[in-house]
file input_10.cif (mmCIF, C-alpha atoms and all ligand atoms)
data_upload
loop_
_atom_site.label_atom_id
_atom_site.label_comp_id
_atom_site.auth_asym_id
_atom_site.auth_seq_id
_atom_site.Cartn_x
_atom_site.Cartn_y
_atom_site.Cartn_z
CA MET A 1 -11.65 34.11 2.91
CA ALA A 2 -8.42 35.03 1.19
CA GLU A 3 -6.14 33.34 -1.33
CA ILE A 4 -2.73 33.22 0.37
CA ALA A 5 0.64 32.02 -0.90
CA PHE A 6 2.87 30.89 1.98
CA ILE A 7 6.56 30.38 1.29
CA GLY A 8 8.93 28.94 3.90
CA LEU A 9 7.38 26.11 5.91
CA GLY A 10 9.94 25.58 8.64
CA GLN A 11 9.58 25.55 12.41
CA MET A 12 7.67 28.83 12.30
CA GLY A 13 6.12 28.87 8.84
CA SER A 14 4.49 25.43 9.06
CA PRO A 15 2.36 26.14 12.13
CA MET A 16 1.62 29.69 10.92
CA ALA A 17 0.35 28.32 7.59
CA THR A 18 -1.60 25.65 9.47
CA ASN A 19 -3.35 28.32 11.53
CA LEU A 20 -4.32 30.22 8.36
CA ILE A 21 -5.85 27.01 6.95
CA LYS A 22 -7.71 26.40 10.22
CA LYS A 23 -9.21 29.89 9.95
CA GLY A 24 -10.59 28.96 6.52
CA HIS A 25 -8.12 30.67 4.17
CA ARG A 26 -7.09 29.02 0.91
CA LEU A 27 -3.34 28.42 0.89
CA SER A 28 -0.88 27.68 -1.85
CA VAL A 29 2.43 26.66 -0.27
CA TYR A 30 6.05 26.33 -1.34
CA ASP A 31 9.26 25.25 0.36
CA ILE A 32 12.45 23.72 -1.02
CA ASN A 33 11.77 20.92 1.47
CA ALA A 34 9.20 18.75 -0.32
CA GLN A 35 8.19 16.97 2.90
CA ALA A 36 7.09 20.28 4.47
CA VAL A 37 4.93 20.99 1.41
CA THR A 38 3.38 17.49 1.57
CA THR A 39 2.53 17.90 5.25
CA LEU A 40 0.70 21.19 4.56
CA SER A 41 -1.08 19.81 1.51
CA GLU A 42 -2.42 16.98 3.69
CA LEU A 43 -4.01 19.72 5.78
CA GLY A 44 -5.72 21.21 2.73
CA ALA A 45 -3.13 23.54 1.15
CA THR A 46 -2.34 23.42 -2.55
CA ALA A 47 1.25 22.33 -3.22
CA ALA A 48 3.17 24.66 -5.53
CA SER A 49 6.37 23.76 -7.36
CA SER A 50 7.88 27.27 -7.21
CA PRO A 51 7.33 30.65 -5.56
CA ALA A 52 5.92 31.89 -8.88
CA GLU A 53 3.34 29.10 -8.96
CA ALA A 54 2.38 29.69 -5.33
CA ALA A 55 1.89 33.43 -5.93
CA LYS A 56 -0.35 33.02 -8.99
CA GLY A 57 -3.80 34.40 -8.13
CA ALA A 58 -2.80 35.17 -4.51
CA GLU A 59 -4.18 38.21 -2.67
CA PHE A 60 -1.46 37.87 -0.03
CA VAL A 61 2.01 36.34 -0.24
CA ILE A 62 3.69 35.54 3.07
CA THR A 63 7.39 34.72 3.29
CA MET A 64 8.90 33.11 6.41
CA LEU A 65 12.51 32.41 5.48
CA PRO A 66 15.88 32.23 7.22
CA ASN A 67 17.50 35.36 5.73
CA GLY A 68 17.21 38.33 3.38
CA THR A 69 19.11 36.76 0.49
CA LEU A 70 16.57 33.95 0.39
CA VAL A 71 13.66 36.40 0.57
CA GLN A 72 15.20 38.26 -2.38
CA ASP A 73 15.60 34.98 -4.35
CA VAL A 74 12.03 33.97 -3.57
CA LEU A 75 10.70 37.35 -4.72
CA PHE A 76 12.96 38.13 -7.68
CA GLY A 77 14.54 34.78 -8.69
CA GLU A 78 13.94 33.04 -12.00
CA ARG A 79 10.78 31.34 -10.74
CA GLY A 80 10.18 33.97 -8.11
CA VAL A 81 6.98 35.48 -6.78
CA THR A 82 7.15 38.62 -8.94
CA GLN A 83 6.92 36.50 -12.12
CA THR A 84 3.22 35.93 -11.47
CA LEU A 85 2.30 38.36 -8.69
CA SER A 86 -0.78 40.53 -9.16
CA ARG A 87 -0.28 44.29 -8.73
CA ASP A 88 -3.25 44.11 -6.32
CA ALA A 89 -1.58 41.56 -4.04
CA LEU A 90 0.21 42.37 -0.79
CA VAL A 91 3.53 40.65 -0.01
CA ILE A 92 4.19 40.33 3.72
CA ASP A 93 7.69 39.33 4.76
CA MET A 94 7.48 37.85 8.26
CA SER A 95 11.11 36.63 8.38
CA THR A 96 13.70 38.19 10.65
CA ILE A 97 16.12 39.77 8.18
CA HIS A 98 18.60 42.65 8.06
CA PRO A 99 16.57 45.89 8.11
CA LEU A 100 18.65 47.51 5.38
CA GLU A 101 18.03 44.46 3.17
CA SER A 102 14.35 44.76 4.01
CA ASP A 103 14.45 48.43 2.93
CA ARG A 104 16.07 47.45 -0.38
CA LEU A 105 13.44 44.77 -1.01
CA CYS A 106 10.68 47.25 -0.20
CA GLN A 107 12.22 49.80 -2.58
CA ARG A 108 12.67 47.26 -5.37
CA MET A 109 9.11 46.01 -4.98
CA SER A 110 7.74 49.53 -5.00
CA GLU A 111 9.75 50.41 -8.14
CA ALA A 112 8.09 47.43 -9.81
CA GLU A 113 4.73 48.71 -8.48
CA PHE A 114 4.21 45.80 -6.12
CA SER A 115 3.01 46.18 -2.55
CA TYR A 116 5.41 44.91 0.15
CA MET A 117 5.45 45.20 3.94
CA ASP A 118 7.46 43.78 6.83
CA ALA A 119 5.75 41.96 9.69
CA PRO A 120 8.33 39.98 11.68
CA VAL A 121 7.21 38.11 14.75
CA GLY A 122 8.20 37.93 18.38
CA ARG A 123 8.05 34.83 20.61
CA THR A 124 8.79 31.22 19.62
CA SER A 125 7.64 28.24 17.59
CA ASP A 126 5.43 27.16 20.53
CA HIS A 127 3.56 30.44 20.10
CA ALA A 128 3.45 29.88 16.33
CA ILE A 129 1.67 26.56 17.03
CA ALA A 130 -0.70 28.17 19.52
CA GLY A 131 -1.38 31.15 17.21
CA THR A 132 -0.17 33.55 19.87
CA LEU A 133 2.75 35.26 18.12
CA LEU A 134 3.53 38.93 18.69
CA ILE A 135 3.30 40.55 15.26
CA LEU A 136 5.30 43.70 14.55
CA ALA A 137 3.65 45.24 11.53
CA GLY A 138 5.66 47.68 9.42
CA GLY A 139 3.94 49.19 6.42
CA THR A 140 1.71 52.02 5.35
CA ALA A 141 -1.49 52.48 7.35
CA GLU A 142 -3.46 50.98 4.44
CA GLN A 143 -1.18 47.94 4.22
CA VAL A 144 -1.35 47.29 7.96
CA ASP A 145 -5.17 47.63 7.92
CA ARG A 146 -5.44 45.24 5.03
CA ALA A 147 -3.04 42.68 6.52
CA THR A 148 -4.38 42.76 10.09
CA PRO A 149 -7.17 40.15 9.74
CA ILE A 150 -4.70 37.76 8.07
CA LEU A 151 -1.91 38.42 10.57
CA MET A 152 -4.23 37.97 13.53
CA CYS A 153 -4.88 34.36 12.42
CA MET A 154 -1.26 33.69 13.46
CA GLY A 155 -0.86 35.93 16.48
CA SER A 156 -2.61 37.17 19.57
CA GLU A 157 -1.09 40.65 19.58
CA LEU A 158 -0.28 43.03 16.75
CA VAL A 159 1.68 46.25 17.10
CA ASN A 160 1.41 48.78 14.29
CA CYS A 161 5.03 49.95 14.21
CA GLU A 162 4.12 53.07 12.25
CA GLY A 163 5.72 52.85 8.85
CA PRO A 164 7.46 50.71 6.25
CA GLY A 165 10.53 48.97 7.69
CA MET A 166 9.61 49.80 11.29
CA GLY A 167 8.50 46.27 12.19
CA ILE A 168 11.86 44.79 11.29
CA ARG A 169 13.64 47.67 13.05
CA VAL A 170 11.83 47.17 16.34
CA LYS A 171 12.32 43.41 16.07
CA LEU A 172 16.09 43.98 15.66
CA ILE A 173 16.32 46.33 18.63
CA ASN A 174 14.17 44.07 20.79
CA ASN A 175 16.40 41.11 20.00
CA TYR A 176 19.56 43.18 20.50
CA MET A 177 18.47 44.14 23.99
CA SER A 178 17.04 40.83 25.07
CA ILE A 179 19.94 38.80 23.70
CA ALA A 180 22.59 41.06 25.29
CA LEU A 181 20.60 41.18 28.54
CA ASN A 182 20.48 37.39 28.62
CA ALA A 183 24.29 37.34 28.85
CA LEU A 184 24.38 40.16 31.44
CA SER A 185 21.72 38.32 33.48
CA ALA A 186 23.88 35.21 33.39
CA GLU A 187 26.85 37.20 34.76
CA ALA A 188 24.66 38.48 37.60
CA ALA A 189 23.26 34.99 38.32
CA VAL A 190 26.74 33.44 38.50
CA MET A 191 27.81 36.25 40.86
CA CYS A 192 24.80 35.32 43.07
CA GLU A 193 25.94 31.69 43.09
CA ALA A 194 29.55 32.64 43.90
CA LEU A 195 28.37 34.94 46.73
CA GLY A 196 26.00 32.30 48.17
CA LEU A 197 23.00 34.56 47.49
CA PRO A 198 19.90 32.53 46.55
CA LEU A 199 18.92 33.43 43.00
CA ASP A 200 15.23 33.58 43.91
CA VAL A 201 15.96 36.37 46.41
CA ALA A 202 17.76 38.35 43.72
CA VAL A 203 14.92 37.71 41.25
CA LYS A 204 12.35 38.85 43.83
CA VAL A 205 14.18 42.11 44.51
CA MET A 206 15.17 42.83 40.91
CA SER A 207 11.79 42.16 39.37
CA ASN A 208 10.83 45.56 40.76
CA THR A 209 13.96 47.53 39.85
CA PRO A 210 15.54 48.74 36.58
CA ALA A 211 17.76 45.61 36.78
CA GLY A 212 14.77 43.39 36.10
CA LYS A 213 12.39 45.79 34.39
CA GLY A 214 14.87 47.59 32.14
CA HIS A 215 15.46 51.33 31.93
CA PHE A 216 13.09 52.33 29.12
CA THR A 217 10.08 52.24 31.44
CA THR A 218 11.68 52.94 34.82
CA SER A 219 14.61 55.34 35.17
CA TRP A 220 14.50 57.10 31.77
CA PRO A 221 10.99 58.51 31.30
CA ASN A 222 11.20 61.19 33.98
CA LYS A 223 14.89 62.00 33.60
CA VAL A 224 16.96 61.85 30.41
CA LEU A 225 13.94 61.47 28.12
CA LYS A 226 12.67 64.75 29.55
CA GLY A 227 16.09 66.37 29.29
CA ASP A 228 16.47 66.39 33.10
CA LEU A 229 19.98 65.26 34.08
CA THR A 230 19.88 66.52 37.67
CA PRO A 231 20.96 63.54 39.71
CA SER A 232 18.53 61.11 41.29
CA PHE A 233 21.45 58.68 41.29
CA MET A 234 24.79 60.08 40.14
CA ILE A 235 27.07 58.67 37.41
CA ASP A 236 29.95 58.84 39.97
CA LEU A 237 28.03 56.63 42.40
CA ALA A 238 26.94 54.22 39.67
CA HIS A 239 30.60 53.98 38.59
CA LYS A 240 31.64 53.25 42.18
CA ASP A 241 28.98 50.53 42.66
CA LEU A 242 29.79 48.87 39.36
CA GLY A 243 33.48 48.94 40.36
CA ILE A 244 32.71 47.18 43.67
CA ALA A 245 30.69 44.51 41.88
CA LEU A 246 33.52 43.94 39.39
CA ASP A 247 36.04 43.73 42.23
CA VAL A 248 33.90 41.13 44.03
CA ALA A 249 33.50 39.17 40.80
CA ASN A 250 37.26 39.31 40.26
CA GLN A 251 37.95 38.01 43.78
CA LEU A 252 35.43 35.19 43.28
CA HIS A 253 36.89 34.34 39.83
CA VAL A 254 33.65 35.15 38.01
CA PRO A 255 34.35 36.54 34.54
CA THR A 256 32.25 39.65 33.83
CA PRO A 257 33.01 40.83 30.27
CA LEU A 258 29.76 42.76 29.91
CA GLY A 259 29.97 44.44 33.30
CA ALA A 260 33.57 45.43 32.55
CA ALA A 261 32.55 46.94 29.20
CA ALA A 262 29.71 48.84 30.90
CA ARG A 263 32.13 50.25 33.48
CA GLU A 264 34.19 51.75 30.64
CA VAL A 265 31.09 53.54 29.36
CA TYR A 266 30.57 55.05 32.83
CA SER A 267 34.31 55.92 32.93
CA VAL A 268 33.97 57.78 29.63
CA ALA A 269 30.90 59.63 30.97
CA ARG A 270 32.82 60.56 34.12
CA ALA A 271 35.83 61.73 32.08
CA ALA A 272 33.48 63.83 29.94
CA GLY A 273 32.37 65.72 33.05
CA ARG A 274 29.10 63.90 33.61
CA GLY A 275 30.07 62.47 37.03
CA ARG A 276 27.53 64.54 38.90
CA GLN A 277 24.75 64.02 36.38
CA ASP A 278 21.98 61.46 36.71
CA TRP A 279 22.94 57.91 35.68
CA THR A 280 20.43 58.11 32.83
CA ALA A 281 22.83 60.65 31.25
CA ILE A 282 24.54 57.49 29.96
CA LEU A 283 22.11 57.82 27.03
CA ALA A 284 23.44 61.30 26.27
CA GLN A 285 27.01 59.99 26.56
CA VAL A 286 26.42 57.09 24.17
CA ARG A 287 24.81 59.50 21.69
CA THR A 288 28.01 61.55 21.89
CA LEU A 289 30.13 58.43 21.34
CA ALA A 290 28.04 57.79 18.22
CA GLY A 291 28.75 61.32 16.98
CA ARG A 292 25.15 62.38 17.49
CA ALA A 293 23.70 65.34 19.36
CA ALA A 294 23.66 64.54 23.09
CA ASP A 295 20.07 65.68 23.51
P1 LIG B 301 13.49 27.16 9.66
O1 LIG B 301 14.90 27.00 9.23
O2 LIG B 301 12.87 26.11 10.52
O3 LIG B 301 12.56 27.35 8.37
C1 LIG B 301 12.94 28.00 7.22
C2 LIG B 301 12.26 27.30 6.05
O4 LIG B 301 12.58 28.01 4.85
C3 LIG B 301 12.72 25.85 5.88
O5 LIG B 301 11.60 24.99 5.78
C4 LIG B 301 13.50 25.90 4.56
O6 LIG B 301 13.43 24.69 3.81
C5 LIG B 301 12.78 27.03 3.85
N1 LIG B 301 13.56 27.61 2.77
C6 LIG B 301 14.88 27.93 2.75
N2 LIG B 301 15.20 28.44 1.54
C7 LIG B 301 14.07 28.46 0.82
C8 LIG B 301 13.76 28.88 -0.51
N3 LIG B 301 14.71 29.39 -1.32
N4 LIG B 301 12.50 28.74 -0.95
C9 LIG B 301 11.54 28.24 -0.14
N5 LIG B 301 11.76 27.81 1.11
C10 LIG B 301 13.02 27.93 1.57
O7 LIG B 301 13.43 28.59 10.38
P2 LIG B 301 12.25 29.15 11.34
O8 LIG B 301 12.60 28.87 12.76
O9 LIG B 301 10.94 28.74 10.80
O10 LIG B 301 12.48 30.71 11.14
C11 LIG B 301 11.97 31.40 10.02
C12 LIG B 301 12.18 32.89 10.25
O11 LIG B 301 11.49 33.28 11.44
C13 LIG B 301 13.63 33.29 10.44
O12 LIG B 301 13.86 34.51 9.80
C14 LIG B 301 13.75 33.39 11.95
O13 LIG B 301 14.80 34.26 12.35
C15 LIG B 301 12.39 33.92 12.33
N6 LIG B 301 11.95 33.65 13.70
C16 LIG B 301 12.13 32.43 14.26
C17 LIG B 301 11.69 32.18 15.56
C18 LIG B 301 11.87 30.82 16.21
O14 LIG B 301 11.60 30.72 17.43
N7 LIG B 301 12.24 29.78 15.49
C19 LIG B 301 11.05 33.20 16.29
C20 LIG B 301 10.85 34.44 15.67
C21 LIG B 301 11.30 34.65 14.38
#

call {"tool": "encode", "arguments": {"input": "input_10.cif", "output": "C-alpha cells"}}
result
Amino acid sequence: MAEIAFIGLGQMGSPMATNLIKKGHRLSVYDINAQAVTTLSELGATAASSPAEAAKGAEFVITMLPNGTLVQDVLFGERGVTQTLSRDALVIDMSTIHPLESDRLCQRMSEAEFSYMDAPVGRTSDHAIAGTLLILAGGTAEQVDRATPILMCMGSELVNCEGPGMGIRVKLINNYMSIALNALSAEAAVMCEALGLPLDVAVKVMSNTPAGKGHFTTSWPNKVLKGDLTPSFMIDLAHKDLGIALDVANQLHVPTPLGAAAREVYSVARAAGRGRQDWTAILAQVRTLAGRAAD
C-alpha cells in the first residue's frame, strides 16, 4: 500500500481520495477548504496544513485542482509540494488545465529533478464516486506503469496516451469536440422540433451515421486519412445539403450559428477547387486554413 498525498478535495477530488482510502492506501490530504479536509480525515486520511506537509514522505502526490495557476502554486508556492517532495516520488496532476501550462510545469519539475505526469480524467463526479472514471495517462512508459495501480483505484478504464503531456492534450481535444457538438446537436434537435420531426426518430437514424457517431471512426478512416479524396460524397453536394438545411432553419426562425459557420468552411473548400472531392477533404482544407500541409 502506498503513501499518497492528495491535494484538492472538491467534487472530484473528495470521492477520488475516498476510493484510494477504501483500497487501503495511506492518504495525507490538503485543501484550502478545511471542511473538506475534516471529512476525509474522518474516513482515515491524515489532515495536512499545507501542500508541503501533505507531500512529506509521500510516494505519490495527486493534485485535483481547478486550474494551472493553482497547480503551480501548490507545487512551487512558499509551502508547496516541492519544499518536502522526495526525488523518488511521482507527482500526478489529474486536473484539467491548459496543456501549455502543463508542459511548463512538467519542464520545471524535471529541471528540479522531480517526476511529474499528467493524468486528467473523463466522465463526471458520479463516476468519481463510483470509481469508474476514464483516466488519460500522459507520462513516460515507466511513469504510467508505476502510476497505473494507483490510478485504477479511481477509474475503470485507463488509456496510456503515449507520452508526457498527451493525457491533457487528448482531454482538451475530447472536450473541444464534445462541447462544440453539444451545441450543434441542440441546433439539430430544435430544427427537428420546428419541422415536427420526432426527436427519437432522428436519434434512431443518426445513431448509425456520421451525424451521431462522429467522423473519426466513420467517414475518415477509408478516405482522407488514407489520402483518398475521390468522392464518395462530394463537397459540392454537402454544401448544397447544408444550404437547404440552413434555408429551412431560416424559414422556421431557428438560429443556426454553428451550421452557418460550417457552411462557410465548405464554401472555402469549394472556392479552393475541392468541390468535386470527397467531403472528408474538409480536413485537408482546414489544414490549409491553418497554414499546414494539406496532406
Ligand atoms: P471543485 O471546485 O469542486 O474542487 C476544487 C478543489 O480545489 C476545491 O475543494 C478547492 O477548495 C480546492 N482548492 C482550490 N485552490 C486550492 C489550493 N490552492 N490548495 C488546495 N486546494 C485548493 O472542482 P472539481 O469539480 O473537483 O474539479 C477539479 C478538476 O477536475 C478541475 O480541473 C476540473 O476541470 C476537472 N474535472 C471535473 C469534472 C467534473 O465533472 N466536475 C470532470 C472531469 C474533470

call {"tool": "atom_distance", "arguments": {"input": "input_10.cif", "atom1": "atom CA of Pro164 of chain A", "atom2": "atom CA of Pro99 of chain A"}}
result
10.5 Å

call {"tool": "residues_near_ligand", "arguments": {"input": "input_10.cif", "ligand": "ligand LIG 301 (chain B)", "cutoff": "8 Å", "atoms": "all atoms listed in the file", "output": "PyMOL selection string"}}
result
chain A and resi 7-14+30-33+36+50-51+64-67+70-71+73-74+94-97+120-126

call {"tool": "closest_residue", "arguments": {"input": "input_10.cif", "among": "A:Asp241, A:Asp93, A:Asp88, A:Asp236", "to": "Arg270 of chain A", "atoms": "only C-alpha atoms"}}
result
A:Asp236

call {"tool": "closest_residue", "arguments": {"input": "input_10.cif", "among": "A:Ala261, A:Met234, A:Asp145, A:Gln251", "to": "Arg274 of chain A", "atoms": "all atoms listed in the file"}}
result
A:Met234

call {"tool": "atom_distance", "arguments": {"input": "input_10.cif", "atom1": "atom CA of Ala128 of chain A", "atom2": "atom CA of Gln72 of chain A"}}
result
23.6 Å

call {"tool": "atom_distance", "arguments": {"input": "input_10.cif", "atom1": "atom CA of Val254 of chain A", "atom2": "atom CA of Asn208 of chain A"}}
result
25.2 Å

call {"tool": "closest_residue", "arguments": {"input": "input_10.cif", "among": "A:Phe60, A:Asn250, A:Trp220, A:Pro257", "to": "Ile282 of chain A", "atoms": "only C-alpha atoms"}}
result
A:Trp220

call {"tool": "axis_aligned_box", "arguments": {"input": "input_10.cif", "around": "segment 145-153 of chain A", "padding_each_side": "5 Å", "output": "AutoDock Vina command-line options"}}
result
--center_x -4.5 --center_y 41.0 --center_z 9.3 --size_x 15.3 --size_y 23.3 --size_z 18.5

call {"tool": "closest_residue", "arguments": {"input": "input_10.cif", "among": "A:Arg276, A:Lys56, A:His253, A:His98", "to": "Arg169 of chain A", "atoms": "all atoms listed in the file"}}
result
A:His98

call {"tool": "closest_residue", "arguments": {"input": "input_10.cif", "among": "A:Asp278, A:Glu78, A:Asp103, A:Glu193", "to": "Leu225 of chain A", "atoms": "only C-alpha atoms"}}
result
A:Asp278

call {"tool": "closest_residue", "arguments": {"input": "input_10.cif", "among": "A:Gly44, A:Gly212, A:Gly275, A:Gly155", "to": "Met16 of chain A", "atoms": "all atoms listed in the file"}}
result
A:Gly155

call {"tool": "decode", "arguments": {"input": "input_10.cif", "residues": "segment 80-102 of chain A", "atoms": "N, CA, C and O atoms", "output": "PDB file, in the first residue's frame"}}
result
ATOM      1  N   GLY A  80       4.728  24.902  -0.719  1.00  0.00           N
ATOM      2  CA  GLY A  80       4.327  23.995  -1.793  1.00  0.00           C
ATOM      3  C   GLY A  80       4.958  22.617  -1.678  1.00  0.00           C
ATOM      4  O   GLY A  80       5.893  22.387  -0.893  1.00  0.00           O
ATOM      5  N   VAL A  81       4.434  21.730  -2.500  1.00  0.00           N
ATOM      6  CA  VAL A  81       4.833  20.318  -2.513  1.00  0.00           C
ATOM      7  C   VAL A  81       6.349  20.145  -2.639  1.00  0.00           C
ATOM      8  O   VAL A  81       6.961  19.319  -1.953  1.00  0.00           O
ATOM      9  N   THR A  82       6.983  20.955  -3.520  1.00  0.00           N
ATOM     10  CA  THR A  82       8.404  20.713  -3.813  1.00  0.00           C
ATOM     11  C   THR A  82       9.314  21.067  -2.629  1.00  0.00           C
ATOM     12  O   THR A  82      10.496  20.711  -2.637  1.00  0.00           O
ATOM     13  N   GLN A  83       8.745  21.728  -1.601  1.00  0.00           N
ATOM     14  CA  GLN A  83       9.552  22.025  -0.407  1.00  0.00           C
ATOM     15  C   GLN A  83       9.964  20.744   0.321  1.00  0.00           C
ATOM     16  O   GLN A  83      11.009  20.708   0.961  1.00  0.00           O
ATOM     17  N   THR A  84       9.102  19.723   0.226  1.00  0.00           N
ATOM     18  CA  THR A  84       9.376  18.498   1.010  1.00  0.00           C
ATOM     19  C   THR A  84       9.419  17.245   0.141  1.00  0.00           C
ATOM     20  O   THR A  84       9.707  16.156   0.651  1.00  0.00           O
ATOM     21  N   LEU A  85       9.117  17.393  -1.137  1.00  0.00           N
ATOM     22  CA  LEU A  85       8.939  16.223  -2.008  1.00  0.00           C
ATOM     23  C   LEU A  85      10.220  15.401  -2.147  1.00  0.00           C
ATOM     24  O   LEU A  85      11.302  15.952  -2.357  1.00  0.00           O
ATOM     25  N   SER A  86      10.061  14.080  -2.078  1.00  0.00           N
ATOM     26  CA  SER A  86      11.206  13.195  -2.306  1.00  0.00           C
ATOM     27  C   SER A  86      11.487  13.116  -3.811  1.00  0.00           C
ATOM     28  O   SER A  86      10.558  13.144  -4.628  1.00  0.00           O
ATOM     29  N   ARG A  87      12.756  12.977  -4.169  1.00  0.00           N
ATOM     30  CA  ARG A  87      13.119  12.836  -5.589  1.00  0.00           C
ATOM     31  C   ARG A  87      12.615  11.496  -6.136  1.00  0.00           C
ATOM     32  O   ARG A  87      12.557  11.283  -7.338  1.00  0.00           O
ATOM     33  N   ASP A  88      12.243  10.577  -5.245  1.00  0.00           N
ATOM     34  CA  ASP A  88      11.715   9.275  -5.689  1.00  0.00           C
ATOM     35  C   ASP A  88      10.194   9.297  -5.896  1.00  0.00           C
ATOM     36  O   ASP A  88       9.622   8.315  -6.377  1.00  0.00           O
ATOM     37  N   ALA A  89       9.559  10.385  -5.490  1.00  0.00           N
ATOM     38  CA  ALA A  89       8.091  10.424  -5.564  1.00  0.00           C
ATOM     39  C   ALA A  89       7.632  10.753  -6.983  1.00  0.00           C
ATOM     40  O   ALA A  89       8.395  11.280  -7.796  1.00  0.00           O
ATOM     41  N   LEU A  90       6.391  10.415  -7.264  1.00  0.00           N
ATOM     42  CA  LEU A  90       5.792  10.747  -8.561  1.00  0.00           C
ATOM     43  C   LEU A  90       4.604  11.687  -8.330  1.00  0.00           C
ATOM     44  O   LEU A  90       3.676  11.339  -7.583  1.00  0.00           O
ATOM     45  N   VAL A  91       4.641  12.861  -8.947  1.00  0.00           N
ATOM     46  CA  VAL A  91       3.524  13.809  -8.866  1.00  0.00           C
ATOM     47  C   VAL A  91       2.611  13.568 -10.059  1.00  0.00           C
ATOM     48  O   VAL A  91       3.072  13.535 -11.213  1.00  0.00           O
ATOM     49  N   ILE A  92       1.328  13.377  -9.786  1.00  0.00           N
ATOM     50  CA  ILE A  92       0.358  13.117 -10.859  1.00  0.00           C
ATOM     51  C   ILE A  92      -0.681  14.232 -10.832  1.00  0.00           C
ATOM     52  O   ILE A  92      -1.474  14.330  -9.884  1.00  0.00           O
ATOM     53  N   ASP A  93      -0.665  15.082 -11.847  1.00  0.00           N
ATOM     54  CA  ASP A  93      -1.695  16.122 -11.909  1.00  0.00           C
ATOM     55  C   ASP A  93      -2.895  15.581 -12.670  1.00  0.00           C
ATOM     56  O   ASP A  93      -2.794  15.272 -13.856  1.00  0.00           O
ATOM     57  N   MET A  94      -4.025  15.472 -11.970  1.00  0.00           N
ATOM     58  CA  MET A  94      -5.241  14.924 -12.583  1.00  0.00           C
ATOM     59  C   MET A  94      -6.241  16.028 -12.938  1.00  0.00           C
ATOM     60  O   MET A  94      -7.330  15.753 -13.419  1.00  0.00           O
ATOM     61  N   SER A  95      -5.864  17.282 -12.701  1.00  0.00           N
ATOM     62  CA  SER A  95      -6.744  18.411 -13.019  1.00  0.00           C
ATOM     63  C   SER A  95      -6.850  18.585 -14.530  1.00  0.00           C
ATOM     64  O   SER A  95      -5.985  18.126 -15.276  1.00  0.00           O
ATOM     65  N   THR A  96      -7.901  19.277 -14.947  1.00  0.00           N
ATOM     66  CA  THR A  96      -7.977  19.689 -16.358  1.00  0.00           C
ATOM     67  C   THR A  96      -7.401  21.085 -16.436  1.00  0.00           C
ATOM     68  O   THR A  96      -8.017  22.041 -15.957  1.00  0.00           O
ATOM     69  N   ILE A  97      -6.201  21.205 -17.022  1.00  0.00           N
ATOM     70  CA  ILE A  97      -5.563  22.521 -17.108  1.00  0.00           C
ATOM     71  C   ILE A  97      -5.108  22.766 -18.549  1.00  0.00           C
ATOM     72  O   ILE A  97      -5.187  21.874 -19.396  1.00  0.00           O
ATOM     73  N   HIS A  98      -4.629  23.970 -18.792  1.00  0.00           N
ATOM     74  CA  HIS A  98      -4.134  24.330 -20.124  1.00  0.00           C
ATOM     75  C   HIS A  98      -2.921  23.454 -20.448  1.00  0.00           C
ATOM     76  O   HIS A  98      -1.976  23.394 -19.653  1.00  0.00           O
ATOM     77  N   PRO A  99      -2.901  22.799 -21.607  1.00  0.00           N
ATOM     78  CA  PRO A  99      -1.785  21.891 -21.901  1.00  0.00           C
ATOM     79  C   PRO A  99      -0.419  22.573 -21.936  1.00  0.00           C
ATOM     80  O   PRO A  99       0.579  21.956 -21.570  1.00  0.00           O
ATOM     81  N   LEU A 100      -0.392  23.839 -22.364  1.00  0.00           N
ATOM     82  CA  LEU A 100       0.921  24.504 -22.415  1.00  0.00           C
ATOM     83  C   LEU A 100       1.413  24.832 -21.005  1.00  0.00           C
ATOM     84  O   LEU A 100       2.615  24.793 -20.724  1.00  0.00           O
ATOM     85  N   GLU A 101       0.455  25.091 -20.097  1.00  0.00           N
ATOM     86  CA  GLU A 101       0.823  25.263 -18.680  1.00  0.00           C
ATOM     87  C   GLU A 101       1.320  23.940 -18.111  1.00  0.00           C
ATOM     88  O   GLU A 101       2.281  23.892 -17.350  1.00  0.00           O
ATOM     89  N   SER A 102       0.635  22.869 -18.499  1.00  0.00           N
ATOM     90  CA  SER A 102       1.042  21.539 -18.038  1.00  0.00           C
ATOM     91  C   SER A 102       2.463  21.233 -18.509  1.00  0.00           C
ATOM     92  O   SER A 102       3.298  20.729 -17.745  1.00  0.00           O
TER      93      SER A 102
END
